[in-house]
Each structure stands twice: as C-alpha cells, then as structure tokens.
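Notes follow once the structure below has been shown.
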Amino acid sequence: MPGINGTLGRRRFLRTAAALPVGLMAGGARSAERRTTGGVCALDWTSAQALLALGVVPRGLPELDRYRRAVVEPAVPDGVPDIGARAEPNLELLDRLAPARFVGDGTLAAVQGRLERIAPVTLHPPFDTRSDEDGHAGGQLAFAIAALRGLAAGLGAPEAAEQAVARLDRTLAAARDRLSGWEPHPLYILSVLDGRRVLIHGRNSLYHDVLDRLGIVNAWTGPSGPYGHATVTMDRLAGRPDAGLVNIGSEGWRALEALATLPLFAGLPFLREGRVTILPPILFYGGVPAAERFARLLGEGLAPQHG
C-alpha cells in the first residue's frame with residue numbers, strides 16, 4: 001500500500017458521486033441483497049473495511065476467504081463476490097460485475113487504466129506512508145479518520161463516517177474502562193515471524209496512536225519503516241525489562257513457547273514472568289476499523305490477565 005495523494009481521485013469522485021444508487025449508502029432503504037447490485041467494488045482489504053464501516057456492502061472484494069481469516073472485521077455479508085488476487089484481480093469478472101465505482105488504495109496503478117475502462121477509480125489511502133519513525137502531526141489514527149470522512153463525503157453520506165468515528169470513540173472508552181484496574185506498563189506490539197525475528201510496531205504505526213489514546217506507552221523506540229513497523233531479532237527487546245509483550249496473530253503462543261526454550265531469549269523478562277498477551281489477526285494499516293478492533297481486543301486481552 002504505497003503512500004499516495006488521493007486528492008485528485010477524491011475530486012473526480014465528488015463530481016460523479018451523484019450517480020451512485022441511494023441504496024448503497026448506510027441507512028438506505030434497500031436490503032443488503034439489493035445493495036450488492038451495481039454499487040462500489042473494493043480493490044483491496046483496506047478499501048473493503050472502509051466501505052463496510054460506512055455501511056456499504058461492496059460489489060466485490062479480493063481474496064475473500066483470506067479477508068475473513070486475516071482481517072475479520074467488519075464482517076463481509078454472504079453473497080459478495082471474490083474478485084481474485086489483491087495483486088491481480090480478475091478483470092473479466094470485474095467487467096461482468098459492472099460496478100458503478102472502484103475504491104482502491106493505489107497499489108493497482110499498473111492496471112488502473114484498464115480498471116477505469118470499466119468504472120471510475122477512487123483512491124482511499126487510510127495510512128500515511130510518508131511519515132517517519134518520529135510520527136507526524138495528529139498521527140496515523142487522525143489520518144485514517146480524515147481519509148474515512150473524505151471517502152464518506154464522496155459517497156454522499158458524511159453521517160456514516162461520523163457514526164464510524166463515534167463507534168471507535170465508544171470502543172476506546174470501553175477499553176479504558178476495562179483497563180482501569182490494570183497497572184500500566186510499556187508494551188511491545190509485534191508479531192513473531194520465525195525462530196528469532198519479530199515484526200514490531202513503532203511510533204508511526206496505527207497501533208501506537210491507539211496506545212496513546214489508552215494511556216499506554218509503546219515500548220519500542222527504535223526505527224520503523226513507512227508502514228510503521230520494523231523487523232528485528234527478539235534480543236533487541238531486552239532494553240525495557242518492565243515491558244509486556246502483545247503478539248498479534250493466532251499462532252503467537254507456539255512461536256513464543258519455542259523462543260522461550262532458547263537460552264538467548266529465555267531470560268527476557270516478559271517471557272520469564274509471563275507478561276505476554278496474544279491477540280487474533282488485525283490489519284495493521286487498516287484505518288479506523290482496524291483501530292477499533294485493536295482497541296477492543298487489547299482491552300479484552302489485558303484486563304482479565306492483569307485486572
């Protein structure tokens with residue numbers, strides 16, 4: 001999901017939004033089945049999340065089974081077509097589906113001309129890859145909220161974005177309530193990759209901004225790349241002996257148990273003292289819906305363990 005400027009795409013979309021069927025929008029009178037006729041097709045998972053968060057059932061989205069396993073939320077209703085691989089959608093199927101609009105994050109620039117022969121393409125970048133490891137004004141969460149509001153405005157339903165932001169605020173408040181009895185300590189937010197390496201999330205990540213909203217310190221202060229993460233070996237996490245570890249991904253326990261048997265890692269305080277929380281998969285650059293899922297799961301995961 002490269003850094004892109006969606007201004008031109010948004011302007012083009014605003015000029016044609018009036019042609020979209022009213023029943024596509026959140027609160028429309030048509031049923032979910034009717035709303036999948038025509039409509040807006042998501043070219044990637046972040047766009048699918050955004051549309052679903054706004055109450056729009058996509059005309060199609062890529063790698064649907066993997067979305068349901070790796071992204072999970074917002075849930076995709078039955079009957080939504082799978083349009084093929086994220087990197088190489090089925091153009092013949094897209095032509096047959098004849099959507100009124102595509103929404104994408106810009107990663108399919110190589111075939112954008114072919115897509116635009118089927119329907120206009122609107123860019124929706126929910127993650128600012130131009131920020132560095134020191135973050136940027138407002139942070140990724142503010143960027144994601146602004147992007148969702150821009151998309152909703154182009155779809156003619158700004159109130160749908162406000163409802164989504166209100167849900168996020170309620171989720172953050174509920175997580176803070178759950179953690180009110182938890183003694184705060186810094187957290188490493190990561191996913192174990194293999195026998196030594198982890199994908200760790202830094203200051204310019206979406207997770208960092210959610211931690212800020214919950215009053216939790218991000219234990220990782222090292223560098224991170226344009227998507228807010230870095231790949232490091234587990235021994236790099238020895239600098240914060242007071243920290244806990246949150247692993248995102250359902251396979252985390254087995255990977256961490258294997259690491260704990262190795263002399264090099266067994267002495268790490270969070271492994272030795274059991275300060276480890278495992279969360280299900282979350283799309284770390286997924287914008288407002290991903291932030292909401294992370295806040296809820298983190299509050300649920302930490303509170304029973306430490307409350």
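Following the order of the structure tokens, chains are lettered A, B, ..., residues in each are numbered from 1, and ligands are numbered from 1.
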Under the rule of at most 7 Å, produce a per-residue listing of segment 115-228 of chain A near segment 283-287 of chain A: chain, number, name, the closest pair of atoms, and the distance in Å, as JSON lines, using only C-alpha atoms.
{"residue": "A:Pro126", "atom": "CA", "partner": "A:Gly287", "partner_atom": "CA", "distance": 5.1}
{"residue": "A:Phe127", "atom": "CA", "partner": "A:Tyr285", "partner_atom": "CA", "distance": 5.9}
{"residue": "A:Leu141", "atom": "CA", "partner": "A:Gly287", "partner_atom": "CA", "distance": 6.9}
{"residue": "A:Ala144", "atom": "CA", "partner": "A:Gly287", "partner_atom": "CA", "distance": 4.9}
{"residue": "A:Leu206", "atom": "CA", "partner": "A:Phe284", "partner_atom": "CA", "distance": 6.6}
Contact residues around segment 248-251 of chain A with only C-alpha atoms at 12 Å, ignoring same-chain residues under 2 positions, as a PyMOL selection string: chain A and resi 69-71+188-194+198-201+207+245-246+253-258+276-284+293-294+297-298+301
Members of segment 235-280 of chain A assigned strand (DSSP E or B) by DSSP, as a list in words: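 Going through segment 235-280 of chain A, the strand (DSSP E or B) residues come out as Gly244, Leu245, Val246, Asn247, Ile248, Val276, Thr277, Ile278 and Leu279 of chain A.
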Selection: 6 Å around segment 43-52 of chain A, only C-alpha atoms, excl. self and same-chain fewer than 3 positions, as an MDAnalysis selection string: chainID A and resid 55:57 61 74 86 104 286
Exercise: Tyr227 of chain A partners within 9 Å, only C-alpha atoms, chain neighbours under 2 positions left out, as a list in words: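 Here the answer would be Met1, Pro2, Phe127, Asp128, Thr129, Arg130, Ser131, His201, Asn204, Ser205, Leu206, Ser224, Gly225, His229, Ala230, Phe284 and Tyr285 of chain A.
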Please save all heavy atoms of the selected residues as a tab-separated table (two decimals), in the first residue's frame.
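Result file follows (selection26.tsv):
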chain	number	residue	atom	x	y	z
A	1	MET	N	0.85	-1.19	0.00
A	1	MET	CA	0.00	0.00	0.00
A	1	MET	C	0.88	1.23	0.00
A	1	MET	O	1.19	1.78	1.04
A	1	MET	CB	-0.88	0.00	1.25
A	1	MET	CG	-2.02	0.99	1.20
A	1	MET	SD	-2.92	1.01	2.74
A	1	MET	CE	-1.79	1.90	3.78
A	2	PRO	N	1.38	1.71	-1.16
A	2	PRO	CA	2.31	2.81	-1.20
A	2	PRO	C	1.65	4.11	-0.80
A	2	PRO	O	0.45	4.28	-0.88
A	2	PRO	CB	2.74	2.84	-2.66
A	2	PRO	CG	1.60	2.26	-3.40
A	2	PRO	CD	1.02	1.22	-2.49
A	127	PHE	N	-3.60	5.07	5.33
A	127	PHE	CA	-2.36	5.02	6.11
A	127	PHE	C	-1.35	5.93	5.42
A	127	PHE	O	-1.16	5.85	4.21
A	127	PHE	CB	-1.83	3.59	6.17
A	127	PHE	CG	-0.74	3.38	7.19
A	127	PHE	CD1	-1.04	2.91	8.46
A	127	PHE	CD2	0.58	3.64	6.88
A	127	PHE	CE1	-0.04	2.70	9.41
A	127	PHE	CE2	1.59	3.45	7.82
A	127	PHE	CZ	1.28	2.98	9.07
A	128	ASP	N	-0.71	6.81	6.19
A	128	ASP	CA	0.23	7.77	5.63
A	128	ASP	C	1.65	7.20	5.67
A	128	ASP	O	2.32	7.26	6.69
A	128	ASP	CB	0.17	9.08	6.42
A	128	ASP	CG	1.03	10.17	5.81
A	128	ASP	OD1	1.59	9.95	4.72
A	128	ASP	OD2	1.15	11.24	6.43
A	129	THR	N	2.10	6.65	4.56
A	129	THR	CA	3.43	6.06	4.50
A	129	THR	C	4.53	7.11	4.35
A	129	THR	O	5.71	6.77	4.34
A	129	THR	CB	3.53	5.08	3.32
A	129	THR	OG1	3.18	5.76	2.11
A	129	THR	CG2	2.61	3.90	3.53
A	130	ARG	N	4.14	8.38	4.26
A	130	ARG	CA	5.16	9.43	4.16
A	130	ARG	C	5.71	9.81	5.53
A	130	ARG	O	6.70	10.51	5.63
A	130	ARG	CB	4.56	10.67	3.50
A	130	ARG	CG	4.09	10.44	2.07
A	130	ARG	CD	3.21	11.56	1.60
A	130	ARG	NE	2.01	11.67	2.42
A	130	ARG	CZ	1.07	12.58	2.21
A	130	ARG	NH1	1.20	13.45	1.23
A	130	ARG	NH2	0.00	12.63	2.99
A	131	SER	N	5.05	9.38	6.61
A	131	SER	CA	5.53	9.73	7.94
A	131	SER	C	6.76	8.90	8.28
A	131	SER	O	6.95	7.81	7.76
A	131	SER	CB	4.43	9.47	8.98
A	131	SER	OG	4.13	8.10	9.06
A	201	HIS	N	6.05	-2.81	15.97
A	201	HIS	CA	5.37	-1.59	15.53
A	201	HIS	C	5.86	-0.38	16.32
A	201	HIS	O	5.88	-0.39	17.56
A	201	HIS	CB	3.86	-1.77	15.65
A	201	HIS	CG	3.34	-2.85	14.77
A	201	HIS	ND1	3.00	-2.64	13.46
A	201	HIS	CD2	3.16	-4.18	15.01
A	201	HIS	CE1	2.61	-3.79	12.92
A	201	HIS	NE2	2.70	-4.74	13.84
A	204	ASN	N	5.32	5.54	14.32
A	204	ASN	CA	4.48	5.97	13.19
A	204	ASN	C	3.50	4.89	12.76
A	204	ASN	O	3.07	4.84	11.62
A	204	ASN	CB	5.35	6.39	12.01
A	204	ASN	CG	6.26	5.28	11.51
A	204	ASN	OD1	6.77	4.49	12.31
A	204	ASN	ND2	6.50	5.20	10.21
A	205	SER	N	3.11	4.04	13.70
A	205	SER	CA	2.14	2.98	13.41
A	205	SER	C	0.75	3.38	13.90
A	205	SER	O	0.60	4.24	14.78
A	205	SER	CB	2.55	1.67	14.09
A	205	SER	OG	2.47	1.78	15.50
A	206	LEU	N	-0.26	2.73	13.35
A	206	LEU	CA	-1.62	2.92	13.82
A	206	LEU	C	-1.76	2.44	15.26
A	206	LEU	O	-2.43	3.08	16.09
A	206	LEU	CB	-2.59	2.15	12.91
A	206	LEU	CG	-4.07	2.25	13.24
A	206	LEU	CD1	-4.58	3.66	13.00
A	206	LEU	CD2	-4.87	1.25	12.39
A	224	SER	N	11.46	2.58	12.55
A	224	SER	CA	10.44	1.77	11.87
A	224	SER	C	10.26	2.33	10.47
A	224	SER	O	10.55	3.49	10.20
A	224	SER	CB	9.11	1.78	12.64
A	224	SER	OG	8.68	3.10	12.91
A	225	GLY	N	9.77	1.49	9.58
A	225	GLY	CA	9.66	1.85	8.18
A	225	GLY	C	8.40	2.60	7.84
A	225	GLY	O	7.65	3.02	8.72
A	229	HIS	N	6.44	-0.25	10.97
A	229	HIS	CA	6.99	-1.43	11.63
A	229	HIS	C	8.43	-1.69	11.18
A	229	HIS	O	8.90	-1.12	10.19
A	229	HIS	CB	6.13	-2.67	11.36
A	229	HIS	CG	6.00	-3.03	9.91
A	229	HIS	ND1	7.05	-3.53	9.15
A	229	HIS	CD2	4.95	-2.95	9.06
A	229	HIS	CE1	6.64	-3.75	7.92
A	229	HIS	NE2	5.36	-3.40	7.83
A	230	ALA	N	9.10	-2.53	11.93
A	230	ALA	CA	10.46	-2.94	11.61
A	230	ALA	C	10.61	-4.42	11.91
A	230	ALA	O	9.89	-4.96	12.76
A	230	ALA	CB	11.48	-2.13	12.42
A	284	PHE	N	-2.78	-4.13	10.28
A	284	PHE	CA	-2.14	-3.02	10.98
A	284	PHE	C	-2.19	-1.70	10.22
A	284	PHE	O	-1.91	-0.65	10.80
A	284	PHE	CB	-0.70	-3.37	11.35
A	284	PHE	CG	0.20	-3.71	10.19
A	284	PHE	CD1	0.75	-2.71	9.41
A	284	PHE	CD2	0.50	-5.03	9.90
A	284	PHE	CE1	1.59	-3.03	8.35
A	284	PHE	CE2	1.34	-5.36	8.84
A	284	PHE	CZ	1.87	-4.35	8.05
A	285	TYR	N	-2.51	-1.70	8.93
A	285	TYR	CA	-2.64	-0.44	8.20
A	285	TYR	C	-4.09	-0.22	7.76
A	285	TYR	O	-4.36	0.50	6.80
A	285	TYR	CB	-1.71	-0.42	6.98
A	285	TYR	CG	-1.85	-1.60	6.05
A	285	TYR	CD1	-2.81	-1.60	5.05
A	285	TYR	CD2	-1.03	-2.71	6.16
A	285	TYR	CE1	-2.96	-2.67	4.19
A	285	TYR	CE2	-1.16	-3.79	5.31
A	285	TYR	CZ	-2.12	-3.77	4.33
A	285	TYR	OH	-2.26	-4.84	3.49
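The neighbours of Asn90 of chain A here are the residues that come within 12 Å of it, using only C-alpha atoms and leaving out any residue fewer than 6 positions away in the same chain; they are Leu43, Gly60, Leu61, Pro62, Glu63, Pro81, Asp82, Ile83, Gly84, Arg96, Leu97, Val111, Arg114 and Leu115 of chain A.
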In segment 99-205 of chain A, DSSP alpha helix (DSSP H) residues written as number ranges by chain: A: 112-116, 139-154, 158-178
Just-selected residues, C-alpha atoms written as a CSV table (one decimal), in the first residue's frame:
chain,number,residue,atom,x,y,z
A,112,GLN,CA,-5.6,1.5,-13.3
A,113,GLY,CA,-6.2,2.3,-17.0
A,114,ARG,CA,-7.9,-1.0,-17.6
A,115,LEU,CA,-10.0,-0.6,-14.5
A,116,GLU,CA,-11.1,2.9,-15.5
A,139,GLY,CA,-0.7,10.6,13.9
A,140,GLN,CA,-1.9,7.7,11.8
A,141,LEU,CA,-5.3,7.5,13.5
A,142,ALA,CA,-6.1,11.1,12.7
A,143,PHE,CA,-5.0,10.5,9.1
A,144,ALA,CA,-7.3,7.4,9.0
A,145,ILE,CA,-10.3,9.3,10.3
A,146,ALA,CA,-9.8,12.1,7.8
A,147,ALA,CA,-9.5,9.5,5.0
A,148,LEU,CA,-12.7,7.8,6.1
A,149,ARG,CA,-14.5,11.1,6.2
A,150,GLY,CA,-13.2,12.0,2.8
A,151,LEU,CA,-14.5,8.7,1.3
A,152,ALA,CA,-17.9,9.1,3.0
A,153,ALA,CA,-18.2,12.6,1.7
A,154,GLY,CA,-17.5,11.4,-1.8
A,158,PRO,CA,-20.8,12.1,5.7
A,159,GLU,CA,-23.0,11.0,8.6
A,160,ALA,CA,-21.8,7.4,8.0
A,161,ALA,CA,-18.3,8.4,8.8
A,162,GLU,CA,-19.3,10.2,11.9
A,163,GLN,CA,-21.1,7.1,13.1
A,164,ALA,CA,-18.0,5.0,12.5
A,165,VAL,CA,-15.8,7.5,14.4
A,166,ALA,CA,-18.4,7.5,17.2
A,167,ARG,CA,-18.1,3.7,17.4
A,168,LEU,CA,-14.4,4.0,17.6
A,169,ASP,CA,-14.6,6.5,20.4
A,170,ARG,CA,-17.0,4.3,22.3
A,171,THR,CA,-14.7,1.3,21.8
A,172,LEU,CA,-11.7,3.3,23.1
A,173,ALA,CA,-13.7,4.4,26.2
A,174,ALA,CA,-14.8,0.9,26.9
A,175,ALA,CA,-11.2,-0.3,26.6
A,176,ARG,CA,-10.0,2.4,29.0
A,177,ASP,CA,-12.7,1.3,31.5
A,178,ARG,CA,-11.6,-2.3,31.2
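Closest to Arg196 of chain A among A:Trp182, A:Pro226, A:Met234, A:Asp209 is A:Met234, based on only C-alpha atoms.
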Given only C-alpha atoms as the counted atoms, nearest of A:Gly244, A:Asp235, A:Val210, A:Gly228 to Gly267 of chain A: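 Smallest separation from Gly267 of chain A among the options: A:Asp235.
One finds atom CA of Gly299 of chain A at 23.9 Å from atom CA of Leu268 of chain A.
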